[in-house]
>>> print(open('my_file_12.txt').read())   # compact mmCIF, C-alpha atoms and all ligand atoms
# COMPACT_ATOMS: atom_id res chain seq x y z
CA MET A 5 84.33 101.06 79.08
CA SER A 6 84.31 101.81 82.81
CA GLU A 7 81.46 103.70 84.42
CA GLN A 8 81.79 106.92 86.43
CA MET A 9 80.71 106.33 90.00
CA LEU A 10 80.23 109.27 92.39
CA ASP A 11 79.85 109.49 96.17
CA LEU A 12 77.58 111.90 98.08
CA HIS A 13 80.09 114.73 97.55
CA LYS A 14 80.38 113.96 93.82
CA ARG A 15 83.83 112.43 94.19
CA PRO A 16 84.69 109.67 91.71
CA LEU A 17 86.49 106.47 92.73
CA ARG A 18 89.79 106.34 90.87
CA ASP A 19 92.34 104.86 93.18
CA ILE A 20 92.36 101.67 95.23
CA ARG A 21 94.91 101.01 97.94
CA ILE A 22 95.23 97.32 98.62
CA SER A 23 96.68 96.08 101.90
CA VAL A 24 98.18 92.64 101.37
CA THR A 25 99.13 91.94 104.99
CA ASP A 26 98.58 93.48 108.43
CA LYS A 27 102.04 92.30 109.57
CA CYS A 28 105.22 94.35 109.59
CA ASN A 29 108.87 93.87 110.55
CA PHE A 30 109.01 97.46 111.89
CA ARG A 31 107.29 98.87 114.96
CA CYS A 32 107.02 102.58 114.15
CA GLN A 33 105.51 104.24 117.19
CA TYR A 34 103.13 106.33 115.07
CA CYS A 35 101.69 103.26 113.38
CA MET A 36 102.29 99.96 115.22
CA PRO A 37 103.57 100.79 118.71
CA ALA A 38 105.48 97.77 120.10
CA GLU A 39 103.60 97.86 123.39
CA ILE A 40 100.32 97.21 121.52
CA PHE A 41 101.60 95.13 118.60
CA GLY A 42 103.53 92.71 120.81
CA PRO A 43 104.26 88.98 120.42
CA ASP A 44 100.66 88.09 121.34
CA TYR A 45 99.00 90.51 118.96
CA PRO A 46 96.29 88.67 117.00
CA PHE A 47 97.37 89.24 113.41
CA LEU A 48 95.11 87.86 110.71
CA PRO A 49 95.48 84.13 110.06
CA GLN A 50 96.30 83.06 106.50
CA ASN A 51 92.79 81.82 105.72
CA LYS A 52 91.31 85.23 106.49
CA LEU A 53 93.58 87.01 104.00
CA LEU A 54 92.29 87.56 100.51
CA THR A 55 94.07 85.23 98.12
CA PHE A 56 95.89 86.65 95.10
CA GLU A 57 93.05 85.34 92.91
CA GLU A 58 90.47 87.15 95.07
CA ILE A 59 92.47 90.40 95.03
CA THR A 60 92.83 90.16 91.26
CA ARG A 61 89.15 89.49 90.74
CA LEU A 62 88.14 92.46 92.93
CA THR A 63 90.63 94.65 91.09
CA GLY A 64 88.91 93.77 87.82
CA ILE A 65 85.57 94.78 89.33
CA PHE A 66 87.06 98.05 90.62
CA THR A 67 88.57 98.93 87.25
CA ALA A 68 85.18 98.38 85.62
CA LEU A 69 83.93 101.03 88.06
CA GLY A 70 86.52 103.62 87.03
CA VAL A 71 89.64 102.75 89.06
CA GLY A 72 92.94 102.98 87.17
CA LYS A 73 95.49 103.39 89.97
CA ILE A 74 96.47 100.56 92.26
CA ARG A 75 98.68 100.94 95.30
CA ILE A 76 99.92 97.88 97.18
CA THR A 77 100.50 98.55 100.85
CA GLY A 78 100.16 97.02 104.32
CA GLY A 79 101.52 96.46 107.01
CA GLU A 80 104.72 95.83 105.14
CA PRO A 81 103.68 94.49 101.74
CA LEU A 82 106.99 92.69 101.20
CA MET A 83 106.15 90.46 104.19
CA ARG A 84 103.54 88.81 101.97
CA ARG A 85 105.05 85.78 100.28
CA ASP A 86 105.34 85.75 96.47
CA LEU A 87 104.25 89.36 96.09
CA PRO A 88 105.70 89.63 92.54
CA GLU A 89 103.19 86.95 91.51
CA LEU A 90 100.34 89.21 92.64
CA ILE A 91 101.83 92.11 90.70
CA ARG A 92 102.04 89.92 87.62
CA MET A 93 98.36 89.00 87.99
CA LEU A 94 97.26 92.60 88.55
CA ARG A 95 99.24 93.79 85.54
CA GLN A 96 97.02 91.67 83.33
CA VAL A 97 93.77 93.20 84.59
CA ASP A 98 92.04 95.39 82.00
CA GLY A 99 91.98 99.05 82.95
CA VAL A 100 94.93 98.98 85.37
CA GLN A 101 97.07 101.96 84.41
CA ASP A 102 99.48 102.36 87.29
CA ILE A 103 100.71 99.94 89.97
CA ALA A 104 102.65 101.44 92.86
CA MET A 105 103.74 100.05 96.21
CA THR A 106 104.41 101.75 99.54
CA THR A 107 107.14 99.99 101.52
CA ASN A 108 109.50 100.56 104.41
CA GLY A 109 112.27 99.52 102.01
CA SER A 110 114.03 97.07 104.30
CA LEU A 111 113.28 94.05 102.08
CA LEU A 112 113.34 95.91 98.79
CA ALA A 113 116.93 95.14 97.82
CA LYS A 114 115.96 91.47 97.70
CA HIS A 115 112.79 91.91 95.65
CA ALA A 116 113.15 95.04 93.48
CA GLU A 117 114.15 93.27 90.31
CA ALA A 118 111.43 90.61 90.50
CA LEU A 119 108.83 93.28 91.25
CA LYS A 120 109.84 95.33 88.22
CA ALA A 121 109.89 92.25 86.00
CA ALA A 122 106.39 91.39 87.22
CA GLY A 123 105.10 94.79 86.13
CA LEU A 124 105.36 97.09 89.16
CA ASP A 125 105.70 100.71 87.97
CA ARG A 126 106.96 102.48 91.05
CA VAL A 127 107.67 102.38 94.76
CA THR A 128 107.24 104.88 97.53
CA VAL A 129 109.79 104.19 100.23
CA SER A 130 109.23 105.45 103.76
CA LEU A 131 112.25 106.86 105.59
CA ASP A 132 112.07 109.27 108.52
CA SER A 133 115.73 109.96 109.30
CA LEU A 134 119.26 109.57 107.94
CA ASP A 135 120.65 109.16 111.44
CA ASP A 136 121.07 105.49 112.36
CA GLU A 137 120.42 105.87 116.06
CA ARG A 138 117.30 107.93 115.55
CA PHE A 139 116.05 105.76 112.72
CA GLY A 140 116.55 102.61 114.80
CA LYS A 141 114.38 104.12 117.53
CA ILE A 142 111.72 105.30 115.09
CA ASN A 143 111.37 101.90 113.44
CA GLY A 144 111.38 100.25 116.87
CA ARG A 145 113.53 97.34 115.70
CA GLY A 146 116.97 98.84 115.22
CA TYR A 147 116.97 98.66 111.41
CA LYS A 148 119.74 100.75 109.85
CA VAL A 149 119.38 103.59 107.37
CA ALA A 150 121.58 101.59 104.97
CA ASP A 151 118.99 98.79 104.90
CA VAL A 152 116.54 101.23 103.34
CA LEU A 153 119.03 103.09 101.15
CA ASN A 154 120.15 99.76 99.66
CA GLY A 155 116.53 99.04 98.83
CA ILE A 156 116.16 102.44 97.15
CA GLU A 157 119.30 101.85 95.13
CA ALA A 158 118.09 98.41 94.03
CA ALA A 159 114.76 99.92 92.99
CA GLU A 160 116.59 102.52 90.96
CA GLN A 161 118.75 99.92 89.27
CA ALA A 162 115.69 97.84 88.48
CA GLY A 163 114.14 100.85 86.76
CA LEU A 164 111.27 101.46 89.19
CA GLY A 165 109.93 104.99 89.74
CA ILE A 166 110.83 106.20 93.24
CA LYS A 167 109.42 108.62 95.81
CA ILE A 168 110.38 108.93 99.45
CA ASN A 169 107.89 109.52 102.31
CA MET A 170 108.95 111.07 105.61
CA VAL A 171 106.55 111.40 108.54
CA VAL A 172 107.56 114.46 110.54
CA GLN A 173 107.06 114.69 114.31
CA ARG A 174 108.17 117.76 116.23
CA ASP A 175 110.05 116.13 119.10
CA VAL A 176 111.34 113.24 116.99
CA ASN A 177 112.82 114.24 113.63
CA VAL A 178 112.48 117.96 112.87
CA ASP A 179 116.28 118.09 112.71
CA ASP A 180 116.18 115.60 109.85
CA ILE A 181 114.11 117.79 107.53
CA LEU A 182 117.05 119.66 105.98
CA PRO A 183 119.47 116.73 105.76
CA MET A 184 116.75 114.64 104.11
CA ALA A 185 115.86 117.44 101.68
CA ARG A 186 119.51 117.93 100.70
CA PHE A 187 120.23 114.21 100.37
CA PHE A 188 117.24 113.28 98.22
CA ARG A 189 117.58 116.38 96.05
CA GLU A 190 121.11 115.24 95.35
CA GLN A 191 119.90 111.71 94.66
CA GLY A 192 117.24 113.01 92.27
CA HIS A 193 114.27 111.55 94.17
CA ILE A 194 111.08 113.36 95.20
CA LEU A 195 110.82 113.54 98.98
CA ARG A 196 107.38 114.06 100.51
CA PHE A 197 106.90 115.31 104.05
CA ILE A 198 103.83 113.87 105.76
CA GLU A 199 102.13 115.61 108.67
CA PHE A 200 101.85 113.22 111.62
CA MET A 201 98.24 111.98 111.58
CA ASP A 202 95.83 110.71 114.22
CA VAL A 203 95.24 107.41 112.44
CA GLY A 204 94.04 104.44 114.49
CA ASN A 205 93.55 104.58 118.25
CA THR A 206 96.95 103.64 119.60
CA ASN A 207 99.64 105.96 118.25
CA GLY A 208 99.44 108.62 121.00
CA TRP A 209 98.80 111.43 118.51
CA LYS A 210 99.08 114.96 119.82
CA LEU A 211 98.48 118.11 117.81
CA ASP A 212 101.62 119.73 119.24
CA GLN A 213 103.69 117.00 117.55
CA VAL A 214 102.40 117.97 114.10
CA VAL A 215 104.80 120.16 112.13
CA PRO A 216 102.64 122.17 109.70
CA SER A 217 103.72 121.83 106.07
CA GLN A 218 104.09 125.59 105.73
CA GLU A 219 106.73 125.52 108.45
CA ILE A 220 108.64 122.87 106.51
CA VAL A 221 108.45 124.86 103.28
CA ASP A 222 109.72 127.97 105.10
CA MET A 223 112.56 126.05 106.73
CA ILE A 224 113.81 124.53 103.47
CA SER A 225 113.26 127.74 101.52
CA GLN A 226 115.71 129.62 103.72
CA GLU A 227 118.49 127.43 102.34
CA MET A 228 117.06 126.24 99.01
CA PRO A 229 114.23 128.52 97.83
CA LEU A 230 111.03 126.75 96.79
CA GLU A 231 108.00 127.68 94.71
CA PRO A 232 104.66 125.88 94.35
CA ILE A 233 103.90 124.00 91.13
CA ASN A 234 100.69 122.53 89.73
CA PRO A 235 99.43 119.08 90.68
CA ASN A 236 100.17 116.21 88.31
CA TYR A 237 96.57 114.98 88.43
CA TYR A 238 93.15 115.73 89.96
CA GLY A 239 93.12 114.95 93.66
CA GLU A 240 96.90 114.54 94.07
CA VAL A 241 97.56 114.01 97.77
CA ALA A 242 100.84 115.92 97.90
CA SER A 243 101.20 119.64 97.18
CA ARG A 244 104.23 120.03 94.95
CA TYR A 245 107.08 122.52 95.25
CA ARG A 246 110.15 122.87 93.06
CA TYR A 247 113.57 124.24 93.87
CA VAL A 248 113.92 127.65 92.26
CA ASP A 249 117.70 127.45 91.82
CA GLY A 250 117.87 124.21 89.84
CA ASP A 251 116.49 120.68 89.56
CA GLY A 252 114.37 118.85 92.06
CA GLU A 253 111.00 118.96 93.78
CA ILE A 254 109.42 118.00 97.08
CA GLY A 255 105.87 117.23 98.18
CA LEU A 256 103.91 118.15 101.28
CA ILE A 257 101.10 115.92 102.53
CA SER A 258 99.10 118.16 104.83
CA SER A 259 96.24 116.04 106.03
CA VAL A 260 96.12 117.92 109.35
CA THR A 261 96.56 121.58 108.42
CA GLN A 262 95.20 121.61 104.85
CA ALA A 263 92.82 118.69 104.47
CA PHE A 264 92.27 117.40 100.95
CA CYS A 265 89.04 115.42 101.40
CA SER A 266 87.11 117.43 98.81
CA THR A 267 89.07 115.72 96.02
CA CYS A 268 89.60 112.35 97.69
CA THR A 269 89.14 109.61 95.09
CA ARG A 270 90.63 106.77 97.17
CA ALA A 271 89.13 103.61 98.61
CA ARG A 272 91.03 101.05 100.61
CA LEU A 273 90.85 97.28 100.62
CA SER A 274 92.10 95.65 103.80
CA ALA A 275 94.04 92.39 103.79
CA GLU A 276 90.91 90.52 104.94
CA GLY A 277 88.83 91.98 102.15
CA LYS A 278 86.98 94.90 103.71
CA MET A 279 86.48 98.03 101.66
CA TYR A 280 87.00 101.28 103.52
CA ASN A 281 85.86 104.61 102.13
CA CYS A 282 88.22 106.65 104.34
CA LEU A 283 91.58 106.20 106.03
CA PHE A 284 89.88 107.17 109.28
CA ALA A 285 86.82 104.97 108.92
CA SER A 286 85.53 102.99 111.88
CA THR A 287 83.96 100.24 109.83
CA GLY A 288 84.53 98.63 106.47
CA PHE A 289 82.32 96.77 104.06
CA ASP A 290 83.06 93.08 103.74
CA LEU A 291 83.73 91.89 100.20
CA ARG A 292 85.36 88.57 101.12
CA GLU A 293 82.11 86.92 102.14
CA PRO A 294 80.29 87.70 98.87
CA LEU A 295 83.38 86.51 96.97
CA ARG A 296 83.55 83.24 98.89
CA GLU A 297 79.77 82.74 98.77
CA GLY A 298 80.02 82.64 94.99
CA GLN A 299 78.36 85.93 94.11
CA SER A 300 78.89 87.04 90.53
CA ASP A 301 81.09 89.94 89.43
CA GLU A 302 77.94 91.88 88.61
CA GLN A 303 76.49 91.34 92.10
CA ILE A 304 79.74 92.45 93.74
CA ARG A 305 79.98 95.42 91.39
CA GLN A 306 76.54 96.53 92.58
CA LEU A 307 77.56 96.17 96.23
CA ILE A 308 80.65 98.32 95.69
CA HIS A 309 78.66 100.84 93.69
CA ALA A 310 76.11 101.20 96.49
CA TYR A 311 78.77 101.43 99.20
CA TRP A 312 80.71 104.18 97.41
CA GLY A 313 77.42 105.90 96.46
CA GLN A 314 76.55 106.49 100.15
CA ARG A 315 80.08 107.70 101.02
CA ASP A 316 79.96 110.83 103.13
CA ASP A 317 83.48 110.59 104.68
CA ARG A 318 85.67 113.67 104.98
CA TYR A 319 87.37 113.04 108.28
CA SER A 320 90.36 115.36 107.91
CA GLU A 321 88.19 118.31 106.91
CA VAL A 322 85.90 117.74 109.87
CA ARG A 323 88.89 117.44 112.21
CA LEU A 324 90.22 120.71 110.86
CA LEU A 325 86.92 122.39 111.68
CA GLN A 326 86.62 120.83 115.11
CA THR A 327 90.14 120.62 116.56
CA PRO A 328 90.78 121.00 119.48
CA GLY A 329 87.27 119.91 120.51
CA LEU A 330 87.50 116.76 118.37
CA GLU A 331 85.47 113.88 119.76
CA PRO A 332 87.59 110.75 120.00
CA ARG A 333 86.25 107.92 117.88
CA ASP A 334 87.11 104.33 117.24
CA LYS A 335 89.14 104.12 114.03
CA VAL A 336 90.69 101.22 112.20
CA GLU A 337 94.50 100.94 112.57
CA MET A 338 96.62 102.14 109.62
CA SER A 339 98.64 98.92 109.51
CA HIS A 340 95.36 97.06 109.05
CA ILE A 341 93.74 99.20 106.40
CA GLY A 342 96.96 100.23 104.60
CA GLY A 343 98.44 103.73 104.47
N1 LIG B 1 94.41 111.68 105.33
C1 LIG B 1 94.81 111.03 104.27
N2 LIG B 1 96.12 110.75 104.10
C2 LIG B 1 96.45 110.09 103.00
C3 LIG B 1 95.53 109.70 102.03
N3 LIG B 1 96.18 109.07 101.04
C4 LIG B 1 97.47 109.08 101.38
N4 LIG B 1 97.63 109.70 102.57
C5 LIG B 1 98.87 109.90 103.28
O1 LIG B 1 99.83 110.26 102.35
C6 LIG B 1 100.88 109.33 102.38
C7 LIG B 1 101.49 109.23 101.01
O2 LIG B 1 100.68 108.59 100.15
P1 LIG B 1 101.30 107.59 99.10
O3 LIG B 1 101.02 106.21 99.53
O4 LIG B 1 102.70 107.89 98.85
O5 LIG B 1 100.39 107.84 97.85
P2 LIG B 1 100.13 109.09 96.92
O6 LIG B 1 100.58 110.36 97.51
O7 LIG B 1 98.71 108.94 96.53
O8 LIG B 1 101.09 108.75 95.74
P3 LIG B 1 101.20 109.25 94.25
O9 LIG B 1 100.35 108.30 93.48
O10 LIG B 1 102.65 109.06 93.98
O11 LIG B 1 100.74 110.65 94.14
C8 LIG B 1 100.24 108.06 102.90
O12 LIG B 1 101.18 107.23 103.45
C9 LIG B 1 99.34 108.63 103.94
O13 LIG B 1 100.11 108.92 105.08
C10 LIG B 1 94.18 110.00 102.25
O14 LIG B 1 93.31 109.68 101.46
N5 LIG B 1 93.88 110.66 103.39
C1 LIG B 2 101.09 102.21 107.02
S1 LIG B 2 102.52 102.31 106.00
C2 LIG B 2 102.40 100.84 105.05
C3 LIG B 2 103.50 100.62 104.05
C4 LIG B 2 104.89 100.40 104.57
N1 LIG B 2 104.97 99.57 105.70
C5 LIG B 2 105.59 101.71 104.80
O1 LIG B 2 105.85 102.05 105.95
O2 LIG B 2 105.87 102.40 103.83
C6 LIG B 2 102.17 103.55 104.78
C7 LIG B 2 102.59 104.94 105.08
O3 LIG B 2 101.85 105.45 106.14
C8 LIG B 2 102.64 106.35 106.86
N2 LIG B 2 102.09 106.51 108.22
C9 LIG B 2 101.89 105.54 109.12
N3 LIG B 2 101.38 106.05 110.27
C10 LIG B 2 101.27 107.39 110.05
C11 LIG B 2 100.81 108.47 110.85
N4 LIG B 2 100.38 108.31 112.08
N5 LIG B 2 100.84 109.71 110.30
C12 LIG B 2 101.27 109.90 109.03
N6 LIG B 2 101.69 108.91 108.22
C13 LIG B 2 101.71 107.68 108.73
C14 LIG B 2 103.99 105.66 106.84
O4 LIG B 2 105.05 106.50 107.11
C15 LIG B 2 104.06 105.13 105.44
O5 LIG B 2 104.65 106.08 104.58
S1 LIG B 3 104.56 102.72 108.96
FE1 LIG B 3 104.92 100.94 107.67
S2 LIG B 3 106.91 100.23 108.44
FE2 LIG B 3 106.14 101.51 110.03
S3 LIG B 3 105.04 100.12 111.41
FE3 LIG B 3 103.54 100.99 109.94
S4 LIG B 3 103.39 99.46 108.39
FE4 LIG B 3 105.31 99.06 109.48
S1 LIG B 4 90.48 111.81 105.57
FE1 LIG B 4 89.28 110.28 104.45
S2 LIG B 4 88.11 111.43 102.96
FE2 LIG B 4 89.72 112.80 103.74
S3 LIG B 4 91.39 112.58 102.27
FE3 LIG B 4 91.79 111.10 103.89
S4 LIG B 4 90.79 109.19 103.23
FE4 LIG B 4 90.01 110.84 101.97
>>> encode(input="my_file_12.txt", output="structure tokens", more="lines below")
Ligand SMILES: Nc1nc2c(ncn2[C@@H]2O[C@H](COP(=O)(O)OP(=O)(O)OP(=O)(O)O)[C@@H](O)[C@H]2O)c(=O)[nH]1
Ligand SMILES: C[S@@+](CC[C@H](N)C(=O)[O-])C[C@H]1O[C@@H](n2cnc3c(N)ncnc32)[C@H](O)[C@@H]1O
Ligand code: SF4
Ligand code: SF4
Amino acid sequence: MSEQMLDLHKRPLRDIRISVTDKCNFRCQYCMPAEIFGPDYPFLPQNKLLTFEEITRLTGIFTALGVGKIRITGGEPLMRRDLPELIRMLRQVDGVQDIAMTTNGSLLAKHAEALKAAGLDRVTVSLDSLDDERFGKINGRGYKVADVLNGIEAAEQAGLGIKINMVVQRDVNVDDILPMARFFREQGHILRFIEFMDVGNTNGWKLDQVVPSQEIVDMISQEMPLEPINPNYYGEVASRYRYVDGDGEIGLISSVTQAFCSTCTRARLSAEGKMYNCLFASTGFDLREPLREGQSDEQIRQLIHAYWGQRDDRYSEVRLLQTPGLEPRDKVEMSHIGG
């Protein structure tokens, strides 16, 4: 039986997002701008990464503390060698109810079947445009839309659950909102629009580039009327809307204009084994050292319990209250901590 563990705002820990690598084959400007993440960027060396055994052991400790949902992320998680083996190991951990993965989709066609066979339940594939030229610029490496669509198709054929994530930026891909909505409605996949966030320190975030979710709902509704529907579970990140005139739904992730910190049940584990209590945290709590020093599961459980117990983070809510006078602060990069 797992125990209920609450932070300072009485939020339980239910969901752990595990970054398996800080590397990525894309260079999305909003996440890993090429001018910062260049050829000399000091990515983590192999010996600093948690091993699959260490990740699995920590997952077992987290599930004993109430976590049921696991999300594998990065960087690009499919850059980590033998990822299906990790999924297979995690699937066997008591208390794991749901294993999802967030991916840019470019390597998914190659791995979808093995991932499903290993026990992965679902994937969330990121795609910001259906226009090749624009998409090539957004991903910074000239990858084609078809590379990602092939991955989505392979995931579908393998029987994985699928959602699509699109980060919207005003001067970059507002014109893609309707084509994306039409296309993924037709395909039968849930598309979620993410407000451009000020994660990390290097992505050049500006408030005027954020397209508020309400504006997106209004834009789509003019062509395909939408109505709000109830969340699937407590603390769901996306607000759900369904098409009134038939099948299909979309999601809106409004971290900037409608912060959802009050129900945030997520912790993050970085590829080097630091636990972060917030996507916008400046510091994490090292779990690799206690693991490698030989501390027992019970000792590590107590460390995690104490760290979550003093959690006061609610960055997006505070930003909402303070913008535009928000004090800049040093935050961990999203590619490091996982999205
Ligand atoms: N500010 C903030 N943004 C988040 C948080 N969790 C997720 N996001 C953003 O929402 C995006 C979508 O999240 P997903 O990785 O698809 O996960 P999810 O929405 O929890 O997925 P489901 O389990 O399918 O509901 C992420 O890539 C982030 O951009 C969070 O705790 N805080
Ligand atoms: C950091 S990525 C890691 C997983 C994988 N590489 C991918 O892109 O799906 C996870 C998610 O974070 C989103 N993301 C990254 N930077 C963001 C930002 N500044 N604002 C909003 N979402 C962002 C990405 O679009 C992606 O959906
Ligand atoms: S959003 Fe994902 S694909 Fe894009 S640079 Fe970040 S980690 Fe890579
Ligand atoms: S800003 Fe931090 S506390 Fe708020 S929802 Fe995101 S991760 Fe959770």
>>> residues_near_ligand(input="my_file_12.txt", ligand="ligand LIG 4 (chain B)", cutoff="10 Å", atoms="only C-alpha atoms and all ligand atoms", output="NGL selection string")
:A and (15 or 201 or 203 or 239 or 241 or 258-260 or 263-272 or 280-285 or 315-323 or 343)
>>> residues_around(input="my_file_12.txt", residues="Glu302 in chain A", least_positions_apart="2", cutoff="12 Å", atoms="only C-alpha atoms", output="PyMOL selection string")
chain A and resi 61-62+64-66+68-69+294-295+298-300+304-309
>>> residues_near_point(input="my_file_12.txt", point="(106.3, 99.5, 95.4)", cutoff="6 Å", atoms="only C-alpha atoms", output="ChimeraX atom specification")
/A:104-106,126-128
>>> atom_distance(input="my_file_12.txt", atom1="CA of Asp26 in chain A", atom2="CA of Leu94 in chain A")
19.9 Å
>>> residues_near_ligand(input="my_file_12.txt", ligand="ligand LIG 2 (chain B)", cutoff="7 Å", atoms="all atoms listed in the file", output="list in words")
Cys28, Tyr34, Cys35, Thr77, Gly78, Gly79, Glu80, Pro81, Thr106, Thr107, Asn108, Thr128, Val129, Ser130, Asn169, Met170, Val171, Ile198, Glu199, Phe200, Met201, Asp202, Val203, Asn207, Met338, Ser339, Gly342 and Gly343 of chain A
>>> residues_near_point(input="my_file_12.txt", point="(119.5, 115.0, 89.2)", cutoff="12 Å", atoms="only C-alpha atoms", output="list in words")
Arg186, Phe187, Phe188, Arg189, Glu190, Gln191, Gly192, His193, Ile194, Tyr247, Gly250, Asp251, Gly252 and Glu253 of chain A
>>> residues_around(input="my_file_12.txt", residues="Asp175 in chain A", least_positions_apart="2", cutoff="12 Å", atoms="all atoms listed in the file", output="list in words")
Arg138, Ile142, Val172, Gln173, Asn177, Val178, Asp179, Asp180, Phe200, Lys210, Leu211, Asp212, Gln213, Val214 and Val215 of chain A
>>> axis_aligned_box(input="my_file_12.txt", around="range 254-268 of chain A", padding_each_side="8 Å", output="JSON")
{"center_x": 98.3, "center_y": 117.0, "center_z": 102.7, "size_x": 38.3, "size_y": 25.3, "size_z": 29.3}
>>> residues_around(input="my_file_12.txt", residues="Gln218 in chain A", least_positions_apart="3", cutoff="10 Å", atoms="all atoms listed in the file", output="ChimeraX atom specification")
/A:215,221-223,256,258,261-262
>>> residues_around(input="my_file_12.txt", residues="Asn236 in chain A", least_positions_apart="6", cutoff="12 Å", atoms="all atoms listed in the file", output="PyMOL selection string")
chain A and resi 242-245+255
>>> atom_distance(input="my_file_12.txt", atom1="CA of Ile156 in chain A", atom2="CA of Ser110 in chain A")
9.2 Å
>>> closest_residue(input="my_file_12.txt", among="A:Ala185, A:Ile22, A:Leu291, A:Val176", to="ligand LIG 1 (chain B)", atoms="all atoms listed in the file")
A:Ile22
>>> closest_residue(input="my_file_12.txt", among="A:Ile224, A:Leu87, A:Ile341, A:Leu273", to="ligand LIG 3 (chain B)", atoms="only C-alpha atoms and all ligand atoms")
A:Ile341
>>> closest_residue(input="my_file_12.txt", among="A:Asn29, A:Thr60, A:Gln8, A:Gln101", to="ligand LIG 1 (chain B)", atoms="all atoms listed in the file")
A:Gln101
>>> residues_around(input="my_file_12.txt", residues="Arg92 in chain A", least_positions_apart="5", cutoff="12 Å", atoms="all atoms listed in the file", output="mmCIF file with C-alpha atoms, in the coordinates of the input")
data_model
loop_
_atom_site.group_PDB
_atom_site.id
_atom_site.type_symbol
_atom_site.label_atom_id
_atom_site.label_comp_id
_atom_site.auth_asym_id
_atom_site.auth_seq_id
_atom_site.Cartn_x
_atom_site.Cartn_y
_atom_site.Cartn_z
ATOM 1 C CA PHE A 56 95.890 86.650 95.100
ATOM 2 C CA GLU A 57 93.050 85.340 92.910
ATOM 3 C CA THR A 60 92.830 90.160 91.260
ATOM 4 C CA ASP A 86 105.340 85.750 96.470
ATOM 5 C CA LEU A 87 104.250 89.360 96.090
ATOM 6 C CA VAL A 97 93.770 93.200 84.590
ATOM 7 C CA VAL A 100 94.930 98.980 85.370
ATOM 8 C CA ILE A 103 100.710 99.940 89.970
ATOM 9 C CA ALA A 118 111.430 90.610 90.500
ATOM 10 C CA LEU A 119 108.830 93.280 91.250
ATOM 11 C CA LYS A 120 109.840 95.330 88.220
ATOM 12 C CA ALA A 121 109.890 92.250 86.000
ATOM 13 C CA ALA A 122 106.390 91.390 87.220
ATOM 14 C CA GLY A 123 105.100 94.790 86.130
ATOM 15 C CA LEU A 124 105.360 97.090 89.160
ATOM 16 C CA ASP A 125 105.700 100.710 87.970
#
>>> closest_residue(input="my_file_12.txt", among="A:Arg145, A:His115, A:Arg21, A:Lys167", to="Lys278 in chain A", atoms="only C-alpha atoms")
A:Arg21
>>> closest_residue(input="my_file_12.txt", among="A:Gly140, A:Pro16, A:Pro46, A:Gly99", to="ligand LIG 3 (chain B)", atoms="only C-alpha atoms and all ligand atoms")
A:Gly140
>>> closest_residue(input="my_file_12.txt", among="A:Arg246, A:Arg292, A:Arg31, A:Arg85", to="Pro229 in chain A", atoms="all atoms listed in the file")
A:Arg246
>>> atom_distance(input="my_file_12.txt", atom1="atom C6 of ligand LIG 1 (chain B)", atom2="CA of Leu164 in chain A")
18.5 Å
